[in-house]
$ cat upload26.txt   # compact mmCIF, C-alpha atoms
# COMPACT_ATOMS: atom_id res chain seq x y z
CA MET A 474 -10.60 2.06 6.72
CA GLY A 475 -13.37 1.34 4.27
CA ASN A 476 -14.33 -2.28 3.78
CA LEU A 477 -11.34 -3.71 5.53
CA ASP A 478 -12.35 -6.32 8.03
CA ASN A 479 -12.41 -4.72 11.50
CA THR A 480 -10.72 -7.65 13.21
CA LEU A 481 -7.90 -7.58 10.68
CA LYS A 482 -7.60 -3.83 11.05
CA SER A 483 -7.36 -3.90 14.84
CA SER A 484 -4.96 -6.83 14.87
CA ILE A 485 -2.65 -5.02 12.46
CA LYS A 486 -2.83 -1.88 14.56
CA ASP A 487 -1.90 -3.89 17.65
CA GLU A 488 1.10 -5.27 15.80
CA ILE A 489 2.14 -1.80 14.76
CA ASP A 490 2.01 -0.69 18.38
CA ASP A 491 4.13 -3.70 19.34
CA ILE A 492 6.83 -2.99 16.82
CA SER A 493 6.61 0.76 16.60
CA GLU A 494 10.39 1.06 16.45
CA TYR A 495 10.29 -0.18 12.88
CA THR A 496 7.89 2.51 11.80
CA LYS A 497 9.91 5.06 13.67
CA THR A 498 13.16 4.23 11.90
CA LYS A 499 11.33 4.08 8.60
CA ALA A 500 9.81 7.52 9.02
CA GLU A 501 13.09 9.32 9.58
CA PRO A 502 14.60 9.15 6.08
CA ASP A 503 11.37 10.45 4.59
CA THR A 504 11.77 13.88 6.08
CA ILE A 505 15.43 14.67 5.45
CA THR A 506 17.58 13.84 2.48
CA THR A 507 21.12 14.64 1.48
CA THR A 508 21.91 15.70 -2.03
CA GLY A 509 24.90 14.50 -4.03
CA ASP A 510 26.90 17.62 -3.31
CA GLY A 511 26.63 17.03 0.41
CA THR A 512 24.13 19.74 1.13
CA SER A 513 21.11 18.79 3.15
CA HIS A 514 17.62 19.98 2.67
CA SER A 515 14.26 19.11 4.06
CA ILE A 516 11.92 17.39 1.66
CA LYS A 517 9.14 18.32 4.00
CA ALA A 518 9.97 21.96 3.63
CA GLU A 519 10.12 21.56 -0.12
CA THR A 520 6.86 19.70 -0.45
CA GLU A 521 5.03 21.84 2.01
CA ARG A 522 5.96 25.06 0.30
CA SER A 523 3.32 27.59 1.01
CA LEU A 524 1.17 28.35 -1.97
CA ASP A 525 -0.52 31.18 -0.14
CA SER A 526 2.44 33.30 0.75
CA GLU A 527 2.99 36.43 -1.31
CA PHE A 528 6.04 36.31 -3.50
CA LYS A 529 8.59 39.04 -2.77
CA ILE A 530 11.53 40.36 -4.77
CA GLU A 531 14.48 41.39 -2.63
CA ASN A 532 16.16 44.69 -3.59
CA PRO A 533 14.11 45.34 -6.72
CA LYS A 534 15.53 47.43 -9.52
CA LEU A 535 12.11 48.93 -10.01
CA SER A 536 9.17 48.97 -7.64
CA VAL A 537 5.62 49.86 -8.63
CA GLN A 538 3.62 50.83 -5.54
CA SER A 539 -0.15 51.36 -5.33
CA LEU A 540 -0.20 52.58 -8.90
CA LYS A 541 -3.50 53.78 -10.28
CA ALA A 542 -3.98 55.13 -13.78
CA TRP A 543 -6.96 56.75 -15.44
CA PHE A 544 -7.97 57.54 -18.98
CA SER A 545 -10.50 60.38 -19.08
CA GLY A 546 -11.50 59.57 -15.53
CA LYS A 547 -11.89 55.88 -16.19
CA LEU A 548 -9.77 53.72 -13.88
CA ALA A 549 -7.45 51.50 -15.94
CA LEU A 550 -4.99 50.38 -13.26
CA LYS A 551 -6.47 49.64 -9.86
CA GLY A 552 -3.56 49.91 -7.46
CA ILE A 553 -0.74 47.84 -8.89
CA ASN A 554 2.11 46.64 -6.66
CA LEU A 555 4.94 44.98 -8.57
CA ASP A 556 8.66 44.62 -8.00
CA VAL A 557 11.04 44.05 -10.89
CA LYS A 558 14.25 42.19 -10.24
CA GLU A 559 17.47 43.55 -11.64
CA ASN A 560 19.09 41.70 -14.56
CA CYS A 561 16.01 39.57 -15.09
CA VAL A 562 13.20 39.43 -17.62
CA THR A 563 9.72 40.07 -16.26
CA ALA A 564 6.76 39.26 -18.50
CA LEU A 565 3.41 41.02 -18.19
CA ILE A 566 0.64 38.77 -19.43
CA GLY A 567 -3.12 39.05 -19.52
CA PRO A 568 -6.01 39.47 -21.92
CA SER A 569 -6.48 42.58 -24.04
CA GLY A 570 -7.46 45.60 -22.01
CA CYS A 571 -6.12 44.27 -18.72
CA GLY A 572 -3.65 47.15 -18.34
CA LYS A 573 -0.32 45.58 -19.33
CA THR A 574 0.60 48.29 -21.82
CA THR A 575 -0.75 51.04 -19.60
CA LEU A 576 1.48 49.79 -16.81
CA LEU A 577 4.45 49.73 -19.13
CA ARG A 578 3.64 53.24 -20.35
CA CYS A 579 3.42 54.43 -16.75
CA ILE A 580 6.80 52.91 -16.01
CA ASN A 581 8.52 54.88 -18.76
CA ARG A 582 6.29 57.93 -18.21
CA MET A 583 4.73 57.74 -21.62
CA HIS A 584 1.35 57.65 -19.92
CA ASP A 585 1.81 61.38 -19.19
CA LEU A 586 1.85 62.06 -22.90
CA THR A 587 -1.68 60.78 -23.45
CA PRO A 588 -4.34 63.53 -23.27
CA ASN A 589 -6.65 63.20 -20.24
CA ALA A 590 -4.49 60.41 -18.79
CA THR A 591 -3.53 60.63 -15.12
CA ALA A 592 -1.71 58.41 -12.68
CA ASP A 593 -1.28 58.14 -8.93
CA GLY A 594 1.09 56.08 -6.85
CA LYS A 595 4.81 55.48 -6.80
CA ILE A 596 7.24 53.94 -9.24
CA ILE A 597 10.65 53.70 -7.66
CA LEU A 598 13.60 53.24 -9.96
CA ASP A 599 16.90 52.89 -8.10
CA ASN A 600 15.38 54.64 -5.06
CA ILE A 601 13.99 57.54 -7.12
CA ASN A 602 10.25 58.00 -7.45
CA ILE A 603 9.86 58.69 -11.14
CA TYR A 604 6.52 60.41 -10.48
CA ASP A 605 8.02 62.83 -7.99
CA LYS A 606 7.21 66.35 -9.13
CA GLN A 607 10.87 67.25 -8.95
CA THR A 608 11.88 64.41 -11.22
CA ASP A 609 12.48 65.35 -14.83
CA PRO A 610 10.45 63.05 -17.11
CA VAL A 611 12.96 63.46 -19.90
CA LEU A 612 15.75 62.23 -17.69
CA ILE A 613 13.57 59.33 -16.54
CA LYS A 614 12.86 58.30 -20.13
CA ARG A 615 16.54 58.48 -20.85
CA ARG A 616 17.29 56.30 -17.84
CA MET A 617 14.59 53.90 -18.87
CA GLY A 618 16.19 53.79 -22.25
CA MET A 619 19.44 52.89 -20.60
CA VAL A 620 17.77 50.12 -18.66
CA PHE A 621 15.39 48.84 -21.25
CA GLN A 622 16.84 49.62 -24.63
CA LYS A 623 20.58 50.05 -24.60
CA PRO A 624 21.69 47.78 -21.83
CA ASN A 625 25.02 46.30 -21.12
CA LYS A 626 24.06 42.73 -22.02
CA LYS A 627 25.35 41.45 -18.74
CA ARG A 628 23.10 43.87 -16.87
CA LEU A 629 19.83 43.51 -18.62
CA THR A 630 16.58 44.31 -16.85
CA VAL A 631 13.64 43.77 -19.16
CA ILE A 632 9.88 44.03 -18.89
CA ILE A 633 7.97 42.52 -21.79
CA VAL A 634 4.31 42.63 -22.64
CA THR A 635 3.02 39.65 -24.54
CA HIS A 636 -0.11 37.72 -25.43
CA ASN A 637 1.98 34.72 -26.35
CA MET A 638 2.13 32.36 -23.39
CA GLN A 639 4.88 30.26 -24.88
CA GLN A 640 7.01 33.37 -25.37
CA ALA A 641 6.47 34.46 -21.78
CA ALA A 642 7.24 30.97 -20.52
CA ARG A 643 10.34 30.70 -22.68
CA VAL A 644 12.06 34.04 -22.18
CA SER A 645 11.06 35.41 -18.81
CA ASP A 646 12.33 34.81 -15.29
CA TYR A 647 9.25 36.26 -13.62
CA THR A 648 5.69 36.57 -14.80
CA ALA A 649 2.94 38.93 -13.74
CA PHE A 650 -0.62 38.10 -14.72
CA MET A 651 -2.99 41.07 -14.99
CA TYR A 652 -6.74 41.12 -15.39
CA LEU A 653 -9.12 44.09 -15.57
CA GLY A 654 -6.52 46.53 -14.30
CA GLU A 655 -5.38 44.40 -11.38
CA LEU A 656 -2.29 42.35 -10.77
CA ILE A 657 -3.74 38.92 -10.10
CA GLU A 658 -0.59 36.89 -9.58
CA PHE A 659 3.15 37.41 -9.74
CA GLY A 660 5.97 34.94 -9.28
CA PRO A 661 8.80 32.98 -10.86
CA THR A 662 7.79 31.98 -14.37
CA ASP A 663 8.16 28.25 -13.78
CA GLN A 664 5.90 28.48 -10.76
CA ILE A 665 3.27 30.53 -12.56
CA PHE A 666 3.16 28.07 -15.46
CA LYS A 667 3.35 24.87 -13.42
CA TYR A 668 1.61 25.70 -10.15
CA PRO A 669 -0.41 28.91 -10.46
CA LYS A 670 -2.02 29.81 -7.16
CA LYS A 671 -5.03 31.57 -8.56
CA GLU A 672 -7.80 29.89 -10.51
CA LEU A 673 -7.99 32.88 -12.86
CA THR A 674 -4.29 32.60 -13.72
CA GLU A 675 -4.70 28.88 -14.34
CA ARG A 676 -7.63 29.45 -16.69
CA TYR A 677 -5.87 32.20 -18.62
CA ILE A 678 -2.53 30.47 -19.16
CA SER A 679 -4.34 27.23 -20.06
CA GLY A 680 -6.12 29.05 -22.87
CA LYS A 681 -9.58 28.72 -21.33
CA PHE A 682 -10.28 32.42 -21.87
CA GLY A 683 -8.59 35.51 -23.17
CA MET B 1341 -14.46 26.59 -24.49
CA VAL B 1342 -13.39 23.13 -25.63
CA ARG B 1343 -9.73 22.99 -26.48
CA LEU B 1344 -8.00 20.48 -28.71
CA LEU B 1345 -5.84 19.68 -25.71
CA ASP B 1346 -8.97 18.60 -23.82
CA LEU B 1347 -9.71 15.92 -26.41
CA GLY B 1348 -6.23 14.51 -25.94
CA LEU B 1349 -6.45 14.69 -22.16
CA THR B 1350 -9.79 12.87 -22.23
CA LYS B 1351 -8.26 10.10 -24.31
CA VAL B 1352 -5.24 9.72 -22.03
CA ASN B 1353 -7.44 9.68 -18.94
CA SER B 1354 -9.68 7.07 -20.50
CA ILE B 1355 -6.69 4.78 -21.10
CA ILE B 1356 -5.47 5.39 -17.55
CA PHE B 1357 -8.84 4.35 -16.09
CA ASP B 1358 -8.90 1.26 -18.33
CA MET B 1359 -5.42 0.42 -17.05
CA ALA B 1360 -6.56 0.94 -13.46
CA SER B 1361 -9.43 -1.55 -13.82
CA LEU B 1362 -7.30 -4.08 -15.65
CA ALA B 1363 -4.45 -3.80 -13.14
CA GLU B 1364 -6.76 -4.17 -10.16
CA ASN B 1365 -8.45 -7.25 -11.67
CA THR B 1366 -5.13 -8.79 -12.64
CA VAL B 1367 -3.62 -8.47 -9.17
CA SER B 1368 -6.82 -9.79 -7.63
CA LYS B 1369 -6.82 -12.76 -10.00
CA ALA B 1370 -3.18 -13.56 -9.21
CA ILE B 1371 -3.88 -13.56 -5.48
CA THR B 1372 -6.95 -15.76 -5.89
CA SER B 1373 -4.94 -18.14 -8.05
CA TYR B 1374 -2.25 -18.36 -5.38
CA MET B 1375 -4.88 -19.02 -2.73
CA ASP B 1376 -6.56 -21.73 -4.86
CA ASP B 1377 -3.25 -23.17 -6.07
CA ASP B 1378 -4.53 -22.67 -9.58
CA THR B 1379 -1.96 -22.06 -12.34
CA SER B 1380 -4.51 -22.25 -15.14
CA THR B 1381 -4.86 -18.46 -15.02
CA LYS B 1382 -1.20 -17.89 -15.84
CA LYS B 1383 -1.75 -17.23 -19.55
CA GLN B 1384 -4.54 -14.78 -18.87
CA ILE B 1385 -2.49 -12.94 -16.25
CA PHE B 1386 0.51 -12.83 -18.58
CA GLU B 1387 -1.66 -11.37 -21.35
CA SER B 1388 -3.09 -8.74 -19.02
CA SER B 1389 0.39 -7.84 -17.86
CA ALA B 1390 1.59 -7.53 -21.46
CA LYS B 1391 -1.43 -5.39 -22.31
CA LEU B 1392 -0.70 -3.08 -19.40
CA ARG B 1393 2.87 -2.73 -20.61
CA PHE B 1394 1.61 -1.93 -24.10
CA LEU B 1395 -0.85 0.66 -22.77
CA GLN B 1396 1.95 2.26 -20.76
CA ASP B 1397 3.83 2.90 -23.99
CA GLU B 1398 0.68 4.22 -25.62
CA VAL B 1399 0.10 6.67 -22.76
CA SER B 1400 3.72 7.85 -22.96
CA GLU B 1401 3.43 8.46 -26.69
CA LEU B 1402 0.16 10.35 -26.33
CA CYS B 1403 1.53 12.48 -23.50
CA ILE B 1404 4.63 13.41 -25.46
CA GLU B 1405 2.45 14.33 -28.42
CA LEU B 1406 0.21 16.54 -26.25
CA ILE B 1407 3.24 18.33 -24.80
CA ALA B 1408 4.79 18.83 -28.22
CA ARG B 1409 1.62 20.05 -29.92
CA PHE B 1410 -0.15 22.07 -27.24
CA GLN B 1411 2.53 23.16 -24.73
CA PRO B 1412 0.21 22.51 -21.76
CA VAL B 1413 0.70 24.38 -18.50
CA ALA B 1414 -0.52 24.29 -14.90
CA THR B 1415 -3.07 21.54 -14.10
CA ASP B 1416 -2.97 20.25 -17.69
CA LEU B 1417 0.79 19.84 -17.53
CA ARG B 1418 0.66 18.25 -14.09
CA SER B 1419 -2.05 15.85 -15.26
CA ILE B 1420 0.05 14.76 -18.21
CA LYS B 1421 3.12 14.21 -16.07
CA SER B 1422 1.00 12.23 -13.62
CA CYS B 1423 -0.58 10.13 -16.36
CA MET B 1424 2.87 9.03 -17.45
CA GLU B 1425 3.71 8.04 -13.89
CA LEU B 1426 0.36 6.35 -13.34
CA SER B 1427 0.69 4.29 -16.48
CA TYR B 1428 4.00 3.02 -15.11
CA VAL B 1429 2.35 2.21 -11.76
CA PHE B 1430 -0.41 0.18 -13.43
CA SER B 1431 2.09 -1.55 -15.65
CA ARG B 1432 4.02 -2.57 -12.51
CA PHE B 1433 0.84 -3.93 -10.93
CA GLY B 1434 0.50 -6.21 -13.95
CA ARG B 1435 4.10 -7.28 -13.66
CA TYR B 1436 3.78 -8.11 -9.94
CA ALA B 1437 0.61 -10.11 -10.65
CA TYR B 1438 2.57 -12.07 -13.22
CA ASP B 1439 5.41 -12.55 -10.74
CA ILE B 1440 2.97 -13.95 -8.17
CA ILE B 1441 1.54 -16.54 -10.55
CA THR B 1442 5.07 -17.41 -11.68
CA VAL B 1443 6.05 -18.17 -8.09
CA LEU B 1444 3.12 -20.55 -7.89
CA GLU B 1445 4.10 -22.19 -11.16
CA ILE B 1446 7.76 -22.65 -10.24
CA LEU B 1447 7.42 -23.58 -6.57
CA GLY B 1448 3.92 -25.06 -6.56
CA PRO B 1449 1.86 -26.87 -5.78
CA LEU B 1450 1.67 -25.00 -2.49
CA GLU B 1451 -1.57 -26.36 -1.21
CA LEU B 1452 -0.01 -27.58 2.05
CA CYS B 1453 1.57 -24.24 2.83
CA ASP B 1454 0.16 -21.89 5.41
CA LYS B 1455 -1.03 -18.99 3.27
CA SER B 1456 -2.64 -16.97 6.02
CA THR B 1457 0.13 -14.35 6.17
CA VAL B 1458 -0.03 -13.67 2.46
CA MET B 1459 -3.81 -13.61 2.42
CA ARG B 1460 -3.96 -11.23 5.33
CA MET B 1461 -1.57 -8.83 3.65
CA SER B 1462 -3.24 -9.21 0.27
CA LYS B 1463 -6.57 -8.12 1.75
CA LEU B 1464 -4.94 -4.94 2.92
CA VAL B 1465 -3.11 -4.39 -0.36
CA LEU B 1466 -6.19 -4.92 -2.50
CA GLU B 1467 -8.10 -2.41 -0.44
CA LEU B 1468 -5.17 -0.01 -0.66
CA MET B 1469 -5.17 -0.34 -4.47
CA GLY B 1470 -8.90 0.21 -4.56
CA LEU B 1471 -8.63 3.34 -2.44
CA GLY B 1472 -5.84 4.74 -4.62
CA ILE B 1473 -7.80 4.13 -7.80
CA SER B 1474 -10.92 5.58 -6.24
CA ALA B 1475 -9.00 8.72 -5.21
CA LEU B 1476 -7.79 9.01 -8.79
CA ARG B 1477 -11.23 8.58 -10.34
CA LEU B 1478 -12.80 11.11 -7.99
CA ARG B 1479 -9.73 13.39 -7.86
CA ASP B 1480 -10.30 13.19 -4.13
CA ASN B 1481 -7.25 13.96 -2.03
CA SER B 1482 -9.21 13.70 1.22
CA ILE B 1483 -8.48 9.96 1.48
CA LEU B 1484 -4.77 10.19 0.87
CA ALA B 1485 -3.90 10.13 4.56
CA LYS B 1486 -5.80 6.85 4.90
CA ILE B 1487 -3.84 5.40 1.98
CA TYR B 1488 -0.50 6.38 3.50
CA GLU B 1489 -1.57 4.96 6.86
CA MET B 1490 -2.50 1.64 5.25
CA GLU B 1491 0.79 1.54 3.38
CA GLU B 1492 2.61 1.86 6.71
CA MET B 1493 0.58 -1.06 7.99
CA VAL B 1494 1.62 -3.14 5.00
CA ASP B 1495 5.26 -2.26 5.62
CA VAL B 1496 5.00 -3.26 9.25
CA LEU B 1497 3.28 -6.52 8.38
CA TYR B 1498 5.90 -7.23 5.75
CA ARG B 1499 8.83 -6.73 8.11
CA LYS B 1500 7.15 -8.72 10.84
CA SER B 1501 6.21 -11.58 8.53
CA MET B 1502 9.70 -11.76 7.07
CA ARG B 1503 11.23 -11.98 10.52
CA GLU B 1504 8.83 -14.69 11.58
CA SER B 1505 9.25 -16.55 8.32
CA SER B 1506 13.03 -16.67 8.67
CA GLN B 1507 12.73 -18.21 12.14
CA ILE B 1508 10.67 -21.22 11.15
CA VAL B 1509 12.78 -22.66 8.37
CA ILE B 1510 13.31 -26.31 9.18
CA ALA B 1511 16.53 -27.73 7.81
CA ASN B 1512 16.18 -30.36 5.11
CA ASN B 1513 12.44 -29.93 4.96
CA TYR B 1514 11.91 -29.34 1.22
CA SER B 1515 8.24 -28.57 1.55
CA ASP B 1516 8.71 -25.87 4.19
CA ILE B 1517 11.47 -24.23 2.22
CA ARG B 1518 9.19 -23.94 -0.79
CA CYS B 1519 6.49 -22.50 1.41
CA ASN B 1520 8.84 -19.99 2.98
CA ILE B 1521 10.38 -18.92 -0.30
CA SER B 1522 7.02 -18.47 -1.99
CA THR B 1523 5.64 -16.59 0.99
CA ALA B 1524 8.65 -14.29 1.14
CA LEU B 1525 8.54 -13.55 -2.58
CA ILE B 1526 4.82 -12.88 -2.69
CA LEU B 1527 4.96 -10.72 0.42
CA LYS B 1528 7.66 -8.68 -1.29
CA TYR B 1529 5.52 -8.25 -4.41
CA LEU B 1530 2.56 -7.20 -2.28
CA GLU B 1531 4.70 -4.73 -0.41
CA ARG B 1532 5.84 -3.24 -3.72
CA ILE B 1533 2.25 -3.04 -4.93
CA SER B 1534 1.30 -1.09 -1.83
CA ASP B 1535 4.17 1.33 -2.45
CA HIS B 1536 2.94 1.84 -6.00
CA ALA B 1537 -0.61 2.37 -4.72
CA CYS B 1538 0.84 5.26 -2.74
CA TYR B 1539 2.29 6.68 -5.95
CA ILE B 1540 -1.30 6.89 -7.20
CA ALA B 1541 -2.13 8.93 -4.11
CA ASP B 1542 0.97 11.07 -4.70
CA SER B 1543 -0.16 11.74 -8.26
CA VAL B 1544 -3.65 12.77 -7.18
CA ASN B 1545 -2.10 15.17 -4.71
CA TYR B 1546 0.31 16.52 -7.32
CA ILE B 1547 -2.43 17.10 -9.88
CA GLU B 1548 -4.65 18.85 -7.38
CA THR B 1549 -2.11 20.91 -5.46
CA GLY B 1550 1.18 20.88 -7.34
CA MET B 1551 2.86 19.42 -4.25
CA ALA B 1552 5.44 16.74 -4.97
CA SER B 1553 5.76 13.87 -2.50
CA PRO B 1554 9.06 12.40 -1.35
CA ARG B 1555 10.06 9.16 -3.07
CA ARG B 1556 9.61 5.93 -1.16

$ encode --input "upload26.txt" --output "structure tokens"
Amino acid sequence: MGNLDNTLKSSIKDEIDDISEYTKTKAEPDTITTTGDGTSHSIKAETERSLDSEFKIENPKLSVQSLKAWFSGKLALKGINLDVKENCVTALIGPSGCGKTTLLRCINRMHDLTPNATADGKIILDNINIYDKQTDPVLIKRRMGMVFQKPNKKRLTVIIVTHNMQQAARVSDYTAFMYLGELIEFGPTDQIFKYPKKELTERYISGKFG
Amino acid sequence: MVRLLDLGLTKVNSIIFDMASLAENTVSKAITSYMDDDTSTKKQIFESSAKLRFLQDEVSELCIELIARFQPVATDLRSIKSCMELSYVFSRFGRYAYDIITVLEILGPLELCDKSTVMRMSKLVLELMGLGISALRLRDNSILAKIYEMEEMVDVLYRKSMRESSQIVIANNYSDIRCNISTALILKYLERISDHACYIADSVNYIETGMASPRR
């Protein structure tokens, strides 16, 4: 208790012990509150949200799993895992050369078209692995076109690649930050831009490098 | 890499630290004046309070400008939001200091009053303010628990003192009524100051971790 006089400190503590019921009743409203619409929620749960837990998308429209990609034997994507939520905009951000465009090209199977380019892993679109040998790449591209280019506006699932942080922050629902071929952080856009978990993400979106 | 935003953040932080020092000194002066029954400091305390209010507006303007021009994110954004809140906190400290000296002016002289309750609580509150400001300067959230614990102590003391104070009012005793009213008012201001000192701790925590604290 710093410089506080010890006698004063102990006498106050004694008084607190004597009238602990006051502190008890005071503490209760701090943990639970009721919102205007009558729903209750725990402030404690809200404020103690875990910053370490991995963010998960339930029932993703598209799921990238352990994806690796090479150009002439050089590893460009180092095992990407990313889920894309249906009817939402997901932004891929990161400095030049981090693998954003390669990832996007893998997703629509344009990566196959590049000489000496190879890929390994799974990309599941509506429960179909688009890299399955039995899957027709032409059909996949057509389906991607349906999803990405000619959507019913009410059912729009978009992945954008951008260097413009303000654009990503403005238009996307989810943001994935990539660096040197790895997915560093993924989450809801507001969380990524307000409370990034990783120091690298923080430095990149704050314009400290890139 | 130095960013233009950094220059603005440095300026805002500099004003915030100036406000912190001024607010701490102003509250301390008001308490000393009450203890010494000295109203001669009223003008000085009023001017400090007015300056804190002015600086609060300046911080708000600067913060809005930084948001508009640089679209800050992450820690930068949280710092800016916190600076706006902190400037309000320090402005309130000035206001409570002014309220304390005003009580003395209106109800004083209070030299015959028992001031021990107020002085005991003010010791705690001044240390609480100092800890909050220190946590802010050092961006040290390791002492936040201590700050919250002390704030609880202030609350307990406040409730206890108010109960006791209400039991010793002697009918038709003008002097005691003045003493009780002044004690009650100043205790309330001190209790509010301690709450605001916790907001400093909340801001430090928010800047460092992104965790919001429940309102008091």

$ atom_distance --input "upload26.txt" --atom1 "CA of Asp593 in chain A" --atom2 "CA of Leu540 in chain A"
5.7 Å

$ closest_atom_pairs --input "upload26.txt" --of "chain B" --to "chain A" --cutoff "10 Å" --atoms "all atoms listed in the file" --output "JSON lines"
{"residue": "B:Met1341", "atom": "CA", "partner": "A:Lys681", "partner_atom": "CA", "distance": 6.2}
{"residue": "B:Val1342", "atom": "CA", "partner": "A:Lys681", "partner_atom": "CA", "distance": 8.0}
{"residue": "B:Arg1343", "atom": "CA", "partner": "A:Lys681", "partner_atom": "CA", "distance": 7.7}
{"residue": "B:Leu1345", "atom": "CA", "partner": "A:Ser679", "partner_atom": "CA", "distance": 9.5}
{"residue": "B:Phe1410", "atom": "CA", "partner": "A:Ser679", "partner_atom": "CA", "distance": 9.8}
{"residue": "B:Gln1411", "atom": "CA", "partner": "A:Gln639", "partner_atom": "CA", "distance": 7.5}
{"residue": "B:Pro1412", "atom": "CA", "partner": "A:Ser679", "partner_atom": "CA", "distance": 6.8}
{"residue": "B:Val1413", "atom": "CA", "partner": "A:Phe666", "partner_atom": "CA", "distance": 5.4}
{"residue": "B:Ala1414", "atom": "CA", "partner": "A:Lys667", "partner_atom": "CA", "distance": 4.2}
{"residue": "B:Thr1415", "atom": "CA", "partner": "A:Lys667", "partner_atom": "CA", "distance": 7.3}
{"residue": "B:Asp1416", "atom": "CA", "partner": "A:Ser679", "partner_atom": "CA", "distance": 7.5}
{"residue": "B:Leu1417", "atom": "CA", "partner": "A:Lys667", "partner_atom": "CA", "distance": 7.0}
{"residue": "B:Arg1418", "atom": "CA", "partner": "A:Lys667", "partner_atom": "CA", "distance": 7.2}
{"residue": "B:Arg1460", "atom": "CA", "partner": "A:Leu481", "partner_atom": "CA", "distance": 7.6}
{"residue": "B:Met1461", "atom": "CA", "partner": "A:Leu481", "partner_atom": "CA", "distance": 9.5}
{"residue": "B:Lys1463", "atom": "CA", "partner": "A:Leu477", "partner_atom": "CA", "distance": 7.5}
{"residue": "B:Leu1464", "atom": "CA", "partner": "A:Leu477", "partner_atom": "CA", "distance": 7.0}
{"residue": "B:Leu1466", "atom": "CA", "partner": "A:Leu477", "partner_atom": "CA", "distance": 9.6}
{"residue": "B:Glu1467", "atom": "CA", "partner": "A:Leu477", "partner_atom": "CA", "distance": 6.9}
{"residue": "B:Leu1468", "atom": "CA", "partner": "A:Met474", "partner_atom": "CA", "distance": 9.4}
{"residue": "B:Gly1470", "atom": "CA", "partner": "A:Gly475", "partner_atom": "CA", "distance": 10.0}
{"residue": "B:Leu1471", "atom": "CA", "partner": "A:Gly475", "partner_atom": "CA", "distance": 8.5}
{"residue": "B:Ile1483", "atom": "CA", "partner": "A:Met474", "partner_atom": "CA", "distance": 9.7}
{"residue": "B:Lys1486", "atom": "CA", "partner": "A:Met474", "partner_atom": "CA", "distance": 7.0}
{"residue": "B:Ile1487", "atom": "CA", "partner": "A:Met474", "partner_atom": "CA", "distance": 8.9}
{"residue": "B:Glu1489", "atom": "CA", "partner": "A:Met474", "partner_atom": "CA", "distance": 9.5}
{"residue": "B:Met1490", "atom": "CA", "partner": "A:Met474", "partner_atom": "CA", "distance": 8.2}
{"residue": "B:Glu1492", "atom": "CA", "partner": "A:Thr496", "partner_atom": "CA", "distance": 7.4}
{"residue": "B:Met1493", "atom": "CA", "partner": "A:Ile485", "partner_atom": "CA", "distance": 6.8}
{"residue": "B:Val1494", "atom": "CA", "partner": "A:Ile485", "partner_atom": "CA", "distance": 8.8}
{"residue": "B:Asp1495", "atom": "CA", "partner": "A:Thr496", "partner_atom": "CA", "distance": 8.2}
{"residue": "B:Val1496", "atom": "CA", "partner": "A:Ile489", "partner_atom": "CA", "distance": 6.4}
{"residue": "B:Leu1497", "atom": "CA", "partner": "A:Ile485", "partner_atom": "CA", "distance": 7.4}
{"residue": "B:Arg1499", "atom": "CA", "partner": "A:Tyr495", "partner_atom": "CA", "distance": 8.2}
{"residue": "B:Lys1500", "atom": "CA", "partner": "A:Ile492", "partner_atom": "CA", "distance": 8.3}
{"residue": "B:Tyr1546", "atom": "CA", "partner": "A:Tyr668", "partner_atom": "CA", "distance": 9.7}
{"residue": "B:Ile1547", "atom": "CA", "partner": "A:Tyr668", "partner_atom": "CA", "distance": 9.5}
{"residue": "B:Glu1548", "atom": "CA", "partner": "A:Tyr668", "partner_atom": "CA", "distance": 9.7}
{"residue": "B:Thr1549", "atom": "CA", "partner": "A:Tyr668", "partner_atom": "CA", "distance": 7.7}
{"residue": "B:Gly1550", "atom": "CA", "partner": "A:Tyr668", "partner_atom": "CA", "distance": 5.6}
{"residue": "B:Met1551", "atom": "CA", "partner": "A:Thr520", "partner_atom": "CA", "distance": 5.5}
{"residue": "B:Ala1552", "atom": "CA", "partner": "A:Thr520", "partner_atom": "CA", "distance": 5.6}
{"residue": "B:Ser1553", "atom": "CA", "partner": "A:Thr520", "partner_atom": "CA", "distance": 6.3}
{"residue": "B:Pro1554", "atom": "CA", "partner": "A:Ile516", "partner_atom": "CA", "distance": 6.5}
{"residue": "B:Arg1555", "atom": "CA", "partner": "A:Asp503", "partner_atom": "CA", "distance": 7.9}
{"residue": "B:Arg1556", "atom": "CA", "partner": "A:Asp503", "partner_atom": "CA", "distance": 7.5}

$ closest_residue --input "upload26.txt" --among "B:Glu1491, B:Glu1504, B:Glu1445, B:Asp1378" --to "Glu1531 in chain B" --atoms "only C-alpha atoms"
B:Glu1491

$ residues_around --input "upload26.txt" --residues "Cys1519 in chain B" --least-positions-apart "6" --cutoff "12 Å" --atoms "all atoms listed in the file" --output "list in words"
Tyr1374, Val1443, Leu1444, Ile1446, Leu1447, Gly1448, Pro1449, Leu1450, Glu1451, Leu1452, Cys1453, Asp1454, Lys1455, Ser1456, Thr1457, Val1458, Ser1505, Ser1506, Ile1508, Val1509, Ile1510, Asn1513, Leu1525, Ile1526 and Leu1527 of chain B

$ residues_around --input "upload26.txt" --residues "Glu531 in chain A" --least-positions-apart "5" --cutoff "12 Å" --atoms "all atoms listed in the file" --output "ChimeraX atom specification"
/A:536,555-559

$ write_last_selection --input "upload26.txt" --atoms "C-alpha atoms" --output "tab-separated table (two decimals), keeping the file's coordinate frame"
chain	number	residue	atom	x	y	z
A	536	SER	CA	9.17	48.97	-7.64
A	555	LEU	CA	4.94	44.98	-8.57
A	556	ASP	CA	8.66	44.62	-8.00
A	557	VAL	CA	11.04	44.05	-10.89
A	558	LYS	CA	14.25	42.19	-10.24
A	559	GLU	CA	17.47	43.55	-11.64
